[in-house]
>>> print(open('input_21.pdb').read())   # PDB, C-alpha atoms
ATOM      1  CA  TRP L 280     -10.137 -54.995  36.945
ATOM      2  CA  VAL L 281      -7.096 -56.670  35.435
ATOM      3  CA  LEU L 282      -6.041 -53.361  33.893
ATOM      4  CA  ILE L 283      -6.538 -51.578  37.223
ATOM      5  CA  ALA L 284      -4.457 -54.245  39.001
ATOM      6  CA  VAL L 285      -1.637 -53.868  36.461
ATOM      7  CA  VAL L 286      -1.695 -50.074  36.804
ATOM      8  CA  LEU L 287      -1.610 -50.330  40.602
ATOM      9  CA  LEU L 288       1.315 -52.764  40.428
ATOM     10  CA  VAL L 289       3.255 -50.390  38.186
ATOM     11  CA  VAL L 290       2.497 -47.494  40.531
ATOM     12  CA  VAL L 291       3.742 -49.486  43.523
ATOM     13  CA  VAL L 292       6.938 -50.473  41.704
ATOM     14  CA  LEU L 293       7.598 -46.860  40.706
ATOM     15  CA  ALA L 294       6.751 -45.453  44.132
ATOM     16  CA  LEU L 295       8.598 -48.008  46.269
ATOM     17  CA  PRO L 296      12.049 -46.345  46.047
ATOM     18  CA  PHE L 297      10.528 -43.109  47.328
ATOM     19  CA  LEU L 298       8.645 -44.776  50.176
ATOM     20  CA  LEU L 299      11.622 -46.641  51.656
ATOM     21  CA  PRO L 300      14.489 -44.726  53.263
ATOM     22  CA  THR L 301      17.727 -44.750  51.283
ATOM     23  CA  SER L 302      19.466 -46.275  54.317
ATOM     24  CA  VAL L 303      17.646 -49.514  53.508
ATOM     25  CA  TYR L 304      19.266 -49.640  50.056
ATOM     26  CA  LYS L 305      22.642 -48.701  51.462
ATOM     27  CA  GLU L 306      22.505 -51.558  53.934
ATOM     28  CA  GLN L 307      21.432 -54.035  51.238
ATOM     29  CA  ILE L 308      24.225 -52.995  48.867
ATOM     30  CA  ILE L 309      26.820 -53.184  51.624
ATOM     31  CA  GLU L 310      25.612 -56.581  52.855
ATOM     32  CA  GLN L 311      25.404 -58.134  49.385
ATOM     33  CA  THR L 312      28.930 -56.909  48.638
ATOM     34  CA  ARG L 313      30.180 -58.486  51.866
ATOM     35  CA  LEU L 314      28.524 -61.812  51.027
ATOM     36  CA  ALA L 315      29.920 -61.799  47.476
ATOM     37  CA  THR L 316      33.472 -60.722  48.274
ATOM     38  CA  GLY L 317      34.069 -61.105  52.005
ATOM     39  CA  ARG L 318      35.102 -57.443  52.207
ATOM     40  CA  THR L 319      33.613 -54.210  53.458
ATOM     41  CA  LEU L 320      32.021 -51.648  51.177
ATOM     42  CA  THR L 321      31.657 -48.194  52.717
ATOM     43  CA  ILE L 322      29.326 -45.510  51.368
ATOM     44  CA  ASP L 323      30.127 -42.267  53.149
ATOM     45  CA  GLY L 324      27.997 -40.033  50.950
ATOM     46  CA  ASP L 325      24.420 -39.907  49.724
ATOM     47  CA  LEU L 326      22.569 -42.594  47.787
ATOM     48  CA  ASN L 327      19.949 -41.505  45.259
ATOM     49  CA  ILE L 328      17.485 -43.733  43.409
ATOM     50  CA  SER L 329      15.393 -43.068  40.314
ATOM     51  CA  VAL L 330      13.062 -45.363  38.379
ATOM     52  CA  TRP L 331      12.016 -43.253  35.409
ATOM     53  CA  PRO L 332      12.885 -43.030  32.569
ATOM     54  CA  ALA L 333      15.456 -45.599  33.683
ATOM     55  CA  LEU L 334      16.167 -47.451  36.880
ATOM     56  CA  GLY L 335      19.185 -45.733  38.376
ATOM     57  CA  VAL L 336      21.333 -45.721  41.491
ATOM     58  CA  GLU L 337      23.843 -42.985  42.302
ATOM     59  CA  VAL L 338      26.168 -43.279  45.290
ATOM     60  CA  HIS L 339      28.803 -40.857  46.538
ATOM     61  CA  LYS L 340      32.059 -41.333  48.438
ATOM     62  CA  VAL L 341      32.436 -45.087  47.937
ATOM     63  CA  ARG L 342      35.295 -47.169  49.359
ATOM     64  CA  PHE L 343      35.982 -50.892  48.940
ATOM     65  CA  ALA L 344      38.344 -52.504  51.452
ATOM     66  CA  ASN L 345      41.646 -54.062  50.446
ATOM     67  CA  THR L 346      43.130 -57.328  51.654
ATOM     68  CA  GLU L 347      44.908 -57.478  55.004
ATOM     69  CA  GLY L 348      48.554 -56.432  54.727
ATOM     70  CA  ALA L 349      48.104 -54.492  51.476
ATOM     71  CA  ALA L 350      49.911 -51.199  50.985
ATOM     72  CA  GLU L 351      46.647 -49.262  50.639
ATOM     73  CA  ALA L 352      43.660 -49.547  52.959
ATOM     74  CA  ASP L 353      41.216 -49.464  50.024
ATOM     75  CA  MET L 354      41.328 -51.566  46.899
ATOM     76  CA  ALA L 355      39.046 -49.027  45.226
ATOM     77  CA  ALA L 356      37.612 -45.638  46.067
ATOM     78  CA  MET L 357      35.688 -43.080  44.030
ATOM     79  CA  ASP L 358      33.867 -39.805  44.435
ATOM     80  CA  SER L 359      30.697 -41.103  42.811
ATOM     81  CA  LEU L 360      29.287 -44.102  40.973
ATOM     82  CA  VAL L 361      26.184 -44.055  38.772
ATOM     83  CA  VAL L 362      24.515 -47.184  37.404
ATOM     84  CA  GLY L 363      21.415 -46.974  35.229
ATOM     85  CA  ALA L 364      19.382 -49.807  33.703
ATOM     86  CA  GLU L 365      16.202 -50.141  31.659
ATOM     87  CA  LEU L 366      13.326 -51.099  33.971
ATOM     88  CA  TRP L 367      11.108 -53.241  31.737
ATOM     89  CA  PRO L 368      13.865 -55.552  30.390
ATOM     90  CA  LEU L 369      14.997 -56.002  34.001
ATOM     91  CA  LEU L 370      11.558 -57.291  34.975
ATOM     92  CA  SER L 371      11.791 -59.884  32.181
ATOM     93  CA  GLY L 372      15.255 -61.101  33.250
ATOM     94  CA  ALA L 373      17.481 -59.119  30.853
ATOM     95  CA  LEU L 374      19.948 -56.623  32.291
ATOM     96  CA  LYS L 375      20.321 -53.695  29.875
ATOM     97  CA  VAL L 376      22.539 -51.124  31.531
ATOM     98  CA  THR L 377      22.035 -47.657  30.107
ATOM     99  CA  GLU L 378      25.063 -46.063  31.729
ATOM    100  CA  ILE L 379      27.841 -46.541  34.232
ATOM    101  CA  ARG L 380      29.777 -43.492  35.371
ATOM    102  CA  LEU L 381      32.812 -43.612  37.637
ATOM    103  CA  VAL L 382      34.077 -40.232  38.815
ATOM    104  CA  ASN L 383      37.660 -39.972  40.104
ATOM    105  CA  PRO L 384      38.086 -43.696  40.819
ATOM    106  CA  VAL L 385      41.340 -44.900  42.389
ATOM    107  CA  ILE L 386      41.957 -48.633  41.907
ATOM    108  CA  ASN L 387      44.863 -50.331  43.666
ATOM    109  CA  LEU L 388      45.892 -53.768  42.365
ATOM    110  CA  GLU L 389      48.460 -55.711  44.389
ATOM    111  CA  ILE L 390      50.041 -59.158  44.559
ATOM    112  CA  ASP L 391      51.233 -60.318  47.975
ATOM    113  CA  LYS L 392      54.424 -62.250  48.764
ATOM    114  CA  GLN L 393      52.564 -65.556  48.320
ATOM    115  CA  GLY L 394      51.541 -64.602  44.767
ATOM    116  CA  ARG L 395      47.891 -63.948  45.564
ATOM    117  CA  GLY L 396      46.215 -60.963  43.932
ATOM    118  CA  ASN L 397      43.924 -58.684  45.897
ATOM    119  CA  TRP L 398      41.294 -59.122  43.167
ATOM    120  CA  LEU L 399      40.697 -62.707  44.346
ATOM    121  CA  PHE L 400      37.779 -62.548  46.731
ATOM    122  CA  GLU L 401      36.543 -64.786  49.516
ATOM    123  CA  PRO L 402      32.758 -65.140  49.319
ATOM    124  CA  GLN L 403      31.168 -65.796  52.687
ATOM    125  CA  GLY L 404      30.546 -69.492  53.309
ATOM    126  CA  GLY L 405      33.604 -70.890  51.538
ATOM    127  CA  PRO L 406      37.392 -70.814  52.034
ATOM    128  CA  PRO L 407      39.554 -68.820  49.603
ATOM    129  CA  PRO L 408      41.404 -70.763  46.907
ATOM    130  CA  ALA L 409      45.094 -71.397  47.608
ATOM    131  CA  ALA L 410      47.660 -69.554  45.508
ATOM    132  CA  GLY L 411      48.642 -72.744  43.664
ATOM    133  CA  ASP L 412      45.118 -74.017  43.034
ATOM    134  CA  GLN L 413      44.085 -74.503  39.436
ATOM    135  CA  PRO L 414      41.253 -72.222  38.281
ATOM    136  CA  ALA L 415      37.888 -73.799  37.662
ATOM    137  CA  ALA L 416      37.333 -75.047  34.137
ATOM    138  CA  ALA L 417      35.631 -72.548  31.850
ATOM    139  CA  PRO L 418      32.076 -73.384  30.786
ATOM    140  CA  PRO L 419      31.658 -74.792  27.279
ATOM    141  CA  ALA L 420      31.318 -72.317  24.442
ATOM    142  CA  SER L 421      27.665 -73.284  24.022
ATOM    143  CA  ALA L 422      26.797 -72.297  27.573
ATOM    144  CA  THR L 423      24.703 -69.180  28.006
ATOM    145  CA  SER L 424      23.409 -67.337  31.028
ATOM    146  CA  SER L 425      19.706 -67.053  31.725
ATOM    147  CA  ALA L 426      19.948 -63.255  31.577
ATOM    148  CA  ASP L 427      21.795 -61.348  28.872
ATOM    149  CA  PHE L 428      23.922 -58.310  29.620
ATOM    150  CA  SER L 429      24.711 -55.117  27.772
ATOM    151  CA  PHE L 430      25.516 -51.491  28.406
ATOM    152  CA  ARG L 431      25.326 -48.477  26.154
ATOM    153  CA  ASP L 432      27.761 -46.164  27.809
ATOM    154  CA  VAL L 433      30.440 -46.567  30.464
ATOM    155  CA  THR L 434      32.499 -43.490  31.249
ATOM    156  CA  LEU L 435      35.484 -43.269  33.544
ATOM    157  CA  SER L 436      36.850 -39.820  34.364
ATOM    158  CA  GLY L 437      39.890 -38.819  36.365
ATOM    159  CA  GLY L 438      40.864 -42.416  37.096
ATOM    160  CA  VAL L 439      44.042 -43.660  38.766
ATOM    161  CA  LEU L 440      45.328 -47.245  38.621
ATOM    162  CA  THR L 441      48.227 -48.530  40.712
ATOM    163  CA  TYR L 442      49.913 -51.934  40.566
ATOM    164  CA  ARG L 443      52.295 -53.454  43.128
ATOM    165  CA  ASP L 444      53.986 -56.824  43.346
ATOM    166  CA  GLN L 445      55.360 -57.535  46.824
ATOM    167  CA  ARG L 446      57.424 -60.439  45.500
ATOM    168  CA  ASP L 447      59.875 -58.269  43.568
ATOM    169  CA  GLY L 448      58.912 -54.732  44.557
ATOM    170  CA  THR L 449      57.464 -53.847  41.145
ATOM    171  CA  SER L 450      55.327 -50.713  41.218
ATOM    172  CA  GLN L 451      53.457 -48.908  38.450
ATOM    173  CA  ARG L 452      51.021 -45.991  38.406
ATOM    174  CA  VAL L 453      48.696 -44.891  35.615
ATOM    175  CA  GLU L 454      46.916 -41.551  36.010
ATOM    176  CA  ALA L 455      44.415 -39.285  34.274
ATOM    177  CA  ILE L 456      42.432 -42.227  32.897
ATOM    178  CA  ASN L 457      39.499 -40.913  30.865
ATOM    179  CA  ALA L 458      37.742 -43.559  28.839
ATOM    180  CA  ASN L 459      34.459 -44.615  27.271
ATOM    181  CA  VAL L 460      33.314 -48.208  26.761
ATOM    182  CA  LYS L 461      30.328 -49.404  24.718
ATOM    183  CA  LEU L 462      28.855 -52.916  24.646
ATOM    184  CA  PRO L 463      25.543 -53.074  22.711
ATOM    185  CA  SER L 464      25.255 -56.790  23.529
ATOM    186  CA  LEU L 465      27.490 -59.785  24.218
ATOM    187  CA  ASP L 466      27.081 -60.765  20.560
ATOM    188  CA  GLU L 467      28.252 -57.395  19.205
ATOM    189  CA  ALA L 468      31.663 -55.769  19.267
ATOM    190  CA  MET L 469      32.782 -53.987  22.419
ATOM    191  CA  ALA L 470      34.631 -50.686  21.902
ATOM    192  CA  PHE L 471      37.063 -48.946  24.284
ATOM    193  CA  ASP L 472      38.255 -45.433  23.522
ATOM    194  CA  GLY L 473      40.206 -43.238  25.905
ATOM    195  CA  GLY L 474      43.443 -41.820  27.188
ATOM    196  CA  LEU L 475      45.763 -42.052  30.182
ATOM    197  CA  THR L 476      49.089 -40.820  31.542
ATOM    198  CA  TRP L 477      51.901 -43.305  32.201
ATOM    199  CA  ASN L 478      55.384 -42.211  33.299
ATOM    200  CA  ASN L 479      54.310 -38.597  32.693
ATOM    201  CA  GLU L 480      53.517 -39.439  29.074
ATOM    202  CA  ALA L 481      50.037 -39.089  27.570
ATOM    203  CA  ILE L 482      48.760 -42.142  25.676
ATOM    204  CA  THR L 483      45.534 -42.632  23.718
ATOM    205  CA  ILE L 484      44.033 -46.086  23.209
ATOM    206  CA  ALA L 485      41.301 -47.275  20.832
ATOM    207  CA  THR L 486      40.366 -50.953  21.068
ATOM    208  CA  THR L 487      37.610 -53.160  19.658
ATOM    209  CA  VAL L 488      36.831 -56.683  20.896
ATOM    210  CA  ALA L 489      34.911 -58.596  18.224
ATOM    211  CA  ASN L 490      33.277 -61.334  20.320
ATOM    212  CA  PRO L 491      32.655 -60.398  23.969
ATOM    213  CA  ARG L 492      30.483 -63.467  24.600
ATOM    214  CA  ALA L 493      33.295 -65.833  23.670
ATOM    215  CA  LEU L 494      35.630 -64.084  26.098
ATOM    216  CA  SER L 495      33.030 -64.170  28.875
ATOM    217  CA  LEU L 496      32.843 -67.955  28.444
ATOM    218  CA  GLY L 497      36.625 -68.469  28.511
ATOM    219  CA  GLY L 498      37.045 -68.544  24.744
ATOM    220  CA  LYS L 499      38.879 -66.360  22.222
ATOM    221  CA  SER L 500      38.069 -63.246  20.230
ATOM    222  CA  ALA L 501      39.659 -61.127  17.534
ATOM    223  CA  LEU L 502      40.912 -57.759  18.807
ATOM    224  CA  THR L 503      42.032 -54.585  17.089
ATOM    225  CA  ALA L 504      43.910 -51.865  18.971
ATOM    226  CA  LYS L 505      45.660 -48.583  18.264
ATOM    227  CA  ILE L 506      47.974 -46.972  20.831
ATOM    228  CA  GLU L 507      49.452 -43.539  20.250
ATOM    229  CA  GLY L 508      51.796 -41.375  22.312
ATOM    230  CA  GLU L 509      55.332 -40.065  22.605
ATOM    231  CA  VAL L 510      56.386 -43.214  24.466
ATOM    232  CA  MET L 511      54.664 -45.697  22.129
ATOM    233  CA  ASN L 512      52.921 -46.000  18.770
ATOM    234  CA  ALA L 513      51.472 -49.407  17.968
ATOM    235  CA  ALA L 514      48.597 -51.060  16.153
TER
END
>>> encode(input="input_21.pdb", output="structure tokens")
Amino acid sequence: WVLIAVVLLVVVVLALPFLLPTSVYKEQIIEQTRLATGRTLTIDGDLNISVWPALGVEVHKVRFANTEGAAEADMAAMDSLVVGAELWPLLSGALKVTEIRLVNPVINLEIDKQGRGNWLFEPQGGPPPAAGDQPAAAPPASATSSADFSFRDVTLSGGVLTYRDQRDGTSQRVEAINANVKLPSLDEAMAFDGGLTWNNEAITIATTVANPRALSLGGKSALTAKIEGEVMNAA
């Protein structure tokens, strides 16, 4: 009977995404984003869910609202976003992401005239920090989260990144970002390998961060990088 109960539980877990309408998941994702950031997430396209062989969510036509008064209406927009994670580690409290794919993302970073970046969010239930406020102290190096985090493969294709500073009118645009990132675990090296176009010049970048966990806790890590292109060659 115990075995039967376990099998039934597994069947329910696997079948649940197919029994509930995808609109339910859309609404949950949108609401949780609003609570975490104070901004609107819009999913204009379809949302697909799979649970085997990995738990996965794929959404299309995604837009994330910018701050009021920003040059662009959206801080980020992309044609599609895919996030996959291993199911069984997730049930035990460990998040092991199998893949993250961003297709044609456009990310707009901007600093307003008061010096506040649009990447500073206002979670619901608390006021936003003032521009001159000191950041919260980093947790001690010995601190660890209850759930570990890793991902095997993150790919970004056809990306565009813009940067504006309203204080002095600075503006930069990076295009054709195609990159791959691997992070086996927070205690193993993270690798970034990809290319981009800046000022109409193609640049390739290969970077390795030795200690991702230290960085995530506000500490330091060794880093190696190689940048190659007509405009710059550095290591």
>>> resolve_selection(input="input_21.pdb", expression="the PyMOL selection byres ((chain L and resi 506) around 8)", output="JSON, numbers by chain")
{"L": [482, 483, 484, 485, 504, 505, 507, 508, 511, 512, 513, 514]}
>>> residues_around(input="input_21.pdb", residues="Arg313 in chain L", least_positions_apart="6", cutoff="12 Å", atoms="only C-alpha atoms", output="ChimeraX atom specification")
/L:306-307,319-321,343-344,400-404
>>> residues_near_point(input="input_21.pdb", point="(31.1, -47.7, 31.9)", cutoff="6 Å", atoms="all atoms listed in the file", output="list in words")
Ile379, Arg380, Asp432, Val433, Thr434 and Val460 of chain L
>>> resolve_selection(input="input_21.pdb", expression="the PyMOL selection byres ((chain L and resi 324) around 6)", output="ChimeraX atom specification")
/L:322-323,325,339-340
>>> write_last_selection(input="input_21.pdb", atoms="C-alpha atoms", output="compact mmCIF listing (two decimals), in the coordinates of the input")
# COMPACT_ATOMS: atom_id res chain seq x y z
CA ILE L 322 29.33 -45.51 51.37
CA ASP L 323 30.13 -42.27 53.15
CA ASP L 325 24.42 -39.91 49.72
CA HIS L 339 28.80 -40.86 46.54
CA LYS L 340 32.06 -41.33 48.44
>>> atom_distance(input="input_21.pdb", atom1="CA of Asp353 in chain L", atom2="CA of Asn387 in chain L")
7.4 Å
>>> resolve_selection(input="input_21.pdb", expression="the PyMOL selection byres ((chain L and resi 477) around 12)", output="list in words")
Val439, Leu440, Thr441, Gln451, Arg452, Val453, Glu454, Ala455, Ile456, Gly474, Leu475, Thr476, Asn478, Asn479, Glu480, Ala481, Ile482, Thr483, Gly508, Glu509, Val510 and Met511 of chain L
>>> atom_distance(input="input_21.pdb", atom1="CA of Gly438 in chain L", atom2="CA of Thr346 in chain L")
21.0 Å
>>> residues_around(input="input_21.pdb", residues="range 395-397 of chain L", least_positions_apart="6", cutoff="12 Å", atoms="only C-alpha atoms", output="PyMOL selection string")
chain L and resi 316-318+343-355+386-389+407-412+442-446
>>> closest_residue(input="input_21.pdb", among="L:Leu399, L:Leu287, L:Leu465, L:Ile328", to="Leu494 in chain L", atoms="only C-alpha atoms")
L:Leu465
>>> atom_distance(input="input_21.pdb", atom1="CA of Asp447 in chain L", atom2="CA of Gly394 in chain L")
10.5 Å
>>> closest_residue(input="input_21.pdb", among="L:Ala470, L:Val341, L:Val488, L:Val376", to="Ala501 in chain L", atoms="all atoms listed in the file")
L:Val488
>>> closest_residue(input="input_21.pdb", among="L:Gly335, L:Val281, L:Arg342, L:Lys392", to="Ile309 in chain L", atoms="all atoms listed in the file")
L:Arg342
>>> residues_near_point(input="input_21.pdb", point="(26.6, -48.7, 26.2)", cutoff="6 Å", atoms="only C-alpha atoms", output="list in words")
Phe430, Arg431, Asp432, Lys461, Leu462 and Pro463 of chain L
>>> closest_residue(input="input_21.pdb", among="L:Ser329, L:Asn490, L:Asn383, L:Ser464", to="Val362 in chain L", atoms="all atoms listed in the file")
L:Ser329
>>> residues_around(input="input_21.pdb", residues="Leu326 in chain L", least_positions_apart="5", cutoff="9 Å", atoms="all atoms listed in the file", output="ChimeraX atom specification")
/L:301-302,304-305,336-339
>>> build_atoms(input="input_21.pdb", residues="range 498-513 of chain L", atoms="N, CA and C atoms", output="PDB file, in the coordinates of the input")
ATOM      1  N   GLY L 498      36.559 -68.270  26.089  1.00  0.00           N
ATOM      2  CA  GLY L 498      37.045 -68.544  24.744  1.00  0.00           C
ATOM      3  C   GLY L 498      37.929 -67.445  24.208  1.00  0.00           C
ATOM      4  N   LYS L 499      37.995 -67.318  22.878  1.00  0.00           N
ATOM      5  CA  LYS L 499      38.879 -66.360  22.222  1.00  0.00           C
ATOM      6  C   LYS L 499      38.071 -65.386  21.387  1.00  0.00           C
ATOM      7  N   SER L 500      38.705 -64.246  21.070  1.00  0.00           N
ATOM      8  CA  SER L 500      38.069 -63.246  20.230  1.00  0.00           C
ATOM      9  C   SER L 500      39.135 -62.476  19.467  1.00  0.00           C
ATOM     10  N   ALA L 501      38.784 -62.039  18.269  1.00  0.00           N
ATOM     11  CA  ALA L 501      39.659 -61.127  17.534  1.00  0.00           C
ATOM     12  C   ALA L 501      39.647 -59.770  18.235  1.00  0.00           C
ATOM     13  N   LEU L 502      40.777 -59.057  18.156  1.00  0.00           N
ATOM     14  CA  LEU L 502      40.912 -57.759  18.807  1.00  0.00           C
ATOM     15  C   LEU L 502      41.711 -56.827  17.904  1.00  0.00           C
ATOM     16  N   THR L 503      41.251 -55.603  17.782  1.00  0.00           N
ATOM     17  CA  THR L 503      42.032 -54.585  17.089  1.00  0.00           C
ATOM     18  C   THR L 503      42.325 -53.465  18.077  1.00  0.00           C
ATOM     19  N   ALA L 504      43.523 -52.910  18.023  1.00  0.00           N
ATOM     20  CA  ALA L 504      43.910 -51.865  18.971  1.00  0.00           C
ATOM     21  C   ALA L 504      44.859 -50.892  18.314  1.00  0.00           C
ATOM     22  N   LYS L 505      44.756 -49.625  18.723  1.00  0.00           N
ATOM     23  CA  LYS L 505      45.660 -48.583  18.264  1.00  0.00           C
ATOM     24  C   LYS L 505      46.096 -47.766  19.476  1.00  0.00           C
ATOM     25  N   ILE L 506      47.413 -47.685  19.688  1.00  0.00           N
ATOM     26  CA  ILE L 506      47.974 -46.972  20.831  1.00  0.00           C
ATOM     27  C   ILE L 506      48.888 -45.887  20.304  1.00  0.00           C
ATOM     28  N   GLU L 507      48.669 -44.656  20.751  1.00  0.00           N
ATOM     29  CA  GLU L 507      49.452 -43.539  20.250  1.00  0.00           C
ATOM     30  C   GLU L 507      49.959 -42.687  21.403  1.00  0.00           C
ATOM     31  N   GLY L 508      51.215 -42.238  21.308  1.00  0.00           N
ATOM     32  CA  GLY L 508      51.796 -41.375  22.312  1.00  0.00           C
ATOM     33  C   GLY L 508      53.276 -41.202  22.051  1.00  0.00           C
ATOM     34  N   GLU L 509      53.910 -40.286  22.772  1.00  0.00           N
ATOM     35  CA  GLU L 509      55.332 -40.065  22.605  1.00  0.00           C
ATOM     36  C   GLU L 509      56.158 -41.292  22.992  1.00  0.00           C
ATOM     37  N   VAL L 510      55.643 -42.056  23.979  1.00  0.00           N
ATOM     38  CA  VAL L 510      56.386 -43.214  24.466  1.00  0.00           C
ATOM     39  C   VAL L 510      56.128 -44.461  23.623  1.00  0.00           C
ATOM     40  N   MET L 511      55.010 -44.477  22.864  1.00  0.00           N
ATOM     41  CA  MET L 511      54.664 -45.697  22.129  1.00  0.00           C
ATOM     42  C   MET L 511      53.671 -45.384  21.015  1.00  0.00           C
ATOM     43  N   ASN L 512      53.895 -46.001  19.881  1.00  0.00           N
ATOM     44  CA  ASN L 512      52.921 -46.000  18.770  1.00  0.00           C
ATOM     45  C   ASN L 512      52.813 -47.428  18.252  1.00  0.00           C
ATOM     46  N   ALA L 513      51.641 -48.006  18.368  1.00  0.00           N
ATOM     47  CA  ALA L 513      51.472 -49.407  17.968  1.00  0.00           C
ATOM     48  C   ALA L 513      50.065 -49.641  17.491  1.00  0.00           C
TER      49      ALA L 513
END
